[in-house]
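Trainee: What follows is a structure written as structure tokens; I'll ask about it next.
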Amino acid sequence: MRIGSRICVLFLLAAALGASSEAKQLAVIVDKTNNVGGMSTTDLAKVFKFDNHKWPDGRPVILVLRDPSTPEMQTAIQKLYHMQPDEFKTLLAAHQSGVIIVHSEEELLKSVESIPGAVGLVDVYSINGHVNVLKVDGKLPLEQGYYLKGN
Amino acid sequence: MRSLKLQILGTALLAFLGMQAFAHDTNTGMHISTKSPAAHAAFEKGLEKMEMLHIQDGLENFRSAVKADPQFALGHIVLMFFSQDPTEQVAEREKAMATRSFASPEEQLIVDWLSNSSQAHMVPAIQAMNEALQKHPQDKHLHWLAGWWLLVDHNQSQRAADMFERVMQLDPKFADAYNEAAYCYARMGNFDKAFTYIKRYTELVPNEPNPQDTFAEISRMAGRFEDALQHYHASLKIDPSFHESQLGLGDTYALMGDEAKARAEYAKAIDTASPVQKVSWSLQVAATYVREGDLAGADKAFNAVAQQAHEKDFANLEAEAYRSMSLYQLEGKASLDLLARAEAVLHEDHKVPQLLLNEEMATVLRTRVERALQENNKELASATFKQLQGLADNNGGDGLIEEALHGASGAVELAQGNFSEAVNQLEEDEANPISMRSLITAYQKNGQEGNAVRLSAKLAALNVPQIEQALVVPEFRKLRAALSAKTNSALDPRSKYR
């Protein structure tokens, strides 16, 4: 028995019993001084495709992204960019001044926290209190119908 | 985060009263601040008991801790976290919030994390949890709690395993970390690693019953029933009062098909259980009648459980008894009437946390969607689905409600012949045997034969003591065996004459 087993007493169909899928949900994070509380998926795609270079307060947008081969970026490429991986790499190469590629979740969180105007995508279970999480189409990660999720 | 003013006031007050704030007792321990040495000792004892899976003793110690110091916020929130009593959970969360300002910064983060989580505010919950982990990387208890929360509340087996492995690094003798990690890997299908951790666990605490109990449960998950029985008996030999192993014997016999023996073993477990366990485990007894096809016996048993739950005001369990009954009713009307009864129970005024009522409601509604589709009542299916969607919208982030919605949505899409969308939806509810069965059909219709074969093998090997398993898996195994006999000439008795 594990302590978790006792939860089944109350959560009758809790996933304590069988193997289950572990869907990944991406949080859109910005630095704490960014007052944008949320965006539509259309506006978010514009930011991530470099079609919108500035935040409403005039600060330049800096994308902080993981390597395109990571599962997080695979989901982002599919959901936000609607591109093939090669097209995505070409897009990044054409906008080098507006993007920072990082090698870990920790690095991503630290970069977004410390760079004014930065925005990044991270697995929701990695978020901390040093960044703001944006709503996408009015929803936060782990809310029903949240857009940025994938297996 | 509490205000600076409050922090200063709190610190000043403690200094003024000359009360001792207890720091980490060890360099890998949790910061426990309470003005009461008795509360501190009881809390530590509670953690120690929980880590050895002596749950009732652990809870009693936590209760003693908050009784000794009613302003002990960490004590209140940890009691809420582990409590099995829904009314106690609500009361303890409120007390934790009311006394939060007396707690240390680490404790406040734990209060924020668990309190937000219990109210389905997952983003601030995760932020508080990670903040606490980041600030206290050496705290083994904190990592252990986080692993537990990730595994049970969020199905994040790999992340949970990472937490438990961190605990092992901090304290290689922290036995429960091996126990929990074993479950994580078993859930991910990595039984080799699961058994490796269990073996280490049994070495660390050879005189405790739980390692044998874990060995048994994971053996059962792997389909090794005889091994499971042997380890459950070994656990009870070490401690005859370890009633979880007694329950495990019942579960194992139930899955083996020996329902009379299962009921006899369950009865022994229930005899010594807590009130909520008695009701919950009685649901498993009732399910044994379903397993042996005695539906009248099942009705009688489930009605008795509903009555018991009603008397104790365990509304979610009362509703679950009616929902379970609805699952095996042959007549559509009888099934839908039972679901209406379950829904009515959940709408009454109860002291059960709203989250639990909402989760049970989602399960009731998904069952109604599935039954309405089975009865070809598309209007009812559609209206119920909308109701479920509304519930999900108002309970953002709750994994169980979301899974219920995906299961119901997948059933609707499958019924409408939208196989690709059915696959998308059902894949999000892959732990539920009913959804697994539908997903196999959706894969087949969608041309994903490889996925259908893999999932069929997984469903056929599913050994969990759930009512859905009882209704789906034995039948599914029979169908597979029949199909296999048809297609595998070696299994065809006529082949020897050819």
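By convention in this document, the chains of the structure tokens carry letters A, B, ... by their order, each chain's residues are numbered from 1, and ligands are numbered from 1 in the order they are shown.
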Which parts of segment 109-283 of chain B does DSSP call alpha helix (DSSP H) when run on the backbone here, written out as a PyMOL selection string?

Mentor: chain B and resi 109-118+122-135+140-152+157-170+175-187+191-204+210-221+225-238+243-256+259-271+275-283

Trainee: Show which residues sit within 8 Å of segment 379-385 of chain B, as a PyMOL selection string. Count only C-alpha atoms, and ignore same-chain residues fewer than 2 positions away.

Mentor: chain B and resi 365-366+368-370+372-373+377+387-389+405+408-409+412

Trainee: Hey, can you check how far atom CA of Ser101 of chain B sits from atom CA of Lys32 of chain A?

Mentor: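 Going from atom CA of Ser101 of chain B over to atom CA of Lys32 of chain A, I get 24.1 Å.
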
Trainee: Can you pull out the residues contacting Trp55 of chain A? Cut-off 10 Å, using only C-alpha atoms, and skip same-chain residues under 5 positions away; I want them as a PyMOL selection string.

Mentor: chain A and resi 34-36+47+60-62+117-118

Trainee: Given the selection you just returned, output its residues as a file containing N, CA and C atoms, formatted as a short mmCIF file (atom, residue, chain, number, x, y, z; two decimals), in the first residue's frame.

Mentor:
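Okay, this is what ended up in result.cif:
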data_model
loop_
_atom_site.label_atom_id
_atom_site.label_comp_id
_atom_site.auth_asym_id
_atom_site.auth_seq_id
_atom_site.Cartn_x
_atom_site.Cartn_y
_atom_site.Cartn_z
N ASN A 34 5.10 42.36 -16.38
CA ASN A 34 4.23 42.37 -17.56
C ASN A 34 2.77 42.35 -17.09
N ASN A 35 2.02 43.36 -17.50
CA ASN A 35 0.63 43.47 -17.03
C ASN A 35 -0.39 42.76 -17.92
N VAL A 36 0.08 42.15 -18.98
CA VAL A 36 -0.87 41.46 -19.87
C VAL A 36 -1.33 40.18 -19.14
N VAL A 47 2.46 36.79 -31.61
CA VAL A 47 3.66 37.06 -30.79
C VAL A 47 4.73 36.01 -31.10
N PRO A 60 9.86 45.68 -26.18
CA PRO A 60 9.98 44.66 -27.24
C PRO A 60 9.72 43.25 -26.69
N VAL A 61 9.14 42.42 -27.54
CA VAL A 61 8.88 41.02 -27.17
C VAL A 61 10.16 40.22 -27.39
N ILE A 62 10.56 39.46 -26.39
CA ILE A 62 11.71 38.54 -26.54
C ILE A 62 11.19 37.13 -26.29
N GLY A 117 10.06 41.99 -20.87
CA GLY A 117 9.47 41.75 -22.20
C GLY A 117 9.57 40.31 -22.66
N ALA A 118 10.19 39.46 -21.84
CA ALA A 118 10.36 38.06 -22.25
C ALA A 118 9.06 37.29 -22.12
#

Trainee: Could you state the separation of atom CA of Glu143 of chain A and atom CA of His154 of chain B in Å, given to one decimal place?

Mentor: 12.9 Å

Trainee: Give me the residues within 12 Å of Glu311 of chain B as a ChimeraX atom specification, counting only C-alpha atoms and dropping any in the same chain fewer than 4 places off.

Mentor: /B:275-276,279,304-307,315,317-318,350

Trainee: Any chance you can output those residues with N, CA and C atoms as a PDB file, in the first residue's frame?

Mentor:
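result06.pdb, written as the output of this step:
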ATOM      1  N   PRO B 275     -14.733   4.761   9.905  1.00  0.00           N
ATOM      2  CA  PRO B 275     -16.085   4.873   9.331  1.00  0.00           C
ATOM      3  C   PRO B 275     -16.093   5.061   7.808  1.00  0.00           C
ATOM      4  N   VAL B 276     -15.232   5.938   7.299  1.00  0.00           N
ATOM      5  CA  VAL B 276     -15.263   6.190   5.850  1.00  0.00           C
ATOM      6  C   VAL B 276     -14.729   4.975   5.077  1.00  0.00           C
ATOM      7  N   VAL B 279     -17.455   2.281   4.727  1.00  0.00           N
ATOM      8  CA  VAL B 279     -18.417   2.536   3.646  1.00  0.00           C
ATOM      9  C   VAL B 279     -17.759   2.283   2.290  1.00  0.00           C
ATOM     10  N   ALA B 304     -27.566  -1.204   0.632  1.00  0.00           N
ATOM     11  CA  ALA B 304     -27.140  -1.167   2.041  1.00  0.00           C
ATOM     12  C   ALA B 304     -25.990  -0.171   2.222  1.00  0.00           C
ATOM     13  N   VAL B 305     -25.061  -0.138   1.263  1.00  0.00           N
ATOM     14  CA  VAL B 305     -23.943   0.813   1.357  1.00  0.00           C
ATOM     15  C   VAL B 305     -24.463   2.245   1.259  1.00  0.00           C
ATOM     16  N   ALA B 306     -25.412   2.459   0.343  1.00  0.00           N
ATOM     17  CA  ALA B 306     -25.967   3.812   0.183  1.00  0.00           C
ATOM     18  C   ALA B 306     -26.593   4.275   1.499  1.00  0.00           C
ATOM     19  N   GLN B 307     -27.292   3.378   2.155  1.00  0.00           N
ATOM     20  CA  GLN B 307     -27.940   3.709   3.429  1.00  0.00           C
ATOM     21  C   GLN B 307     -26.894   4.069   4.495  1.00  0.00           C
ATOM     22  N   ALA B 315     -21.835  11.899   1.338  1.00  0.00           N
ATOM     23  CA  ALA B 315     -22.725  12.028   0.185  1.00  0.00           C
ATOM     24  C   ALA B 315     -22.104  11.504  -1.106  1.00  0.00           C
ATOM     25  N   LEU B 317     -20.032   9.097  -1.439  1.00  0.00           N
ATOM     26  CA  LEU B 317     -20.036   7.624  -1.443  1.00  0.00           C
ATOM     27  C   LEU B 317     -21.454   7.092  -1.632  1.00  0.00           C
ATOM     28  N   GLU B 318     -22.432   7.809  -1.082  1.00  0.00           N
ATOM     29  CA  GLU B 318     -23.826   7.407  -1.287  1.00  0.00           C
ATOM     30  C   GLU B 318     -24.161   7.490  -2.786  1.00  0.00           C
ATOM     31  N   HIS B 350     -24.633  19.186   2.150  1.00  0.00           N
ATOM     32  CA  HIS B 350     -23.749  18.251   2.869  1.00  0.00           C
ATOM     33  C   HIS B 350     -22.518  18.984   3.376  1.00  0.00           C
TER      34      HIS B 350
END

Trainee: Need the shell around His103 of chain A: protein/DNA/RNA residues with any atom at most 10 Å away, counting only C-alpha atoms. Skip same-chain ones fewer than 5 positions apart. Format as a VMD selection string?

Mentor: chain A and resid 65 to 67 70 108
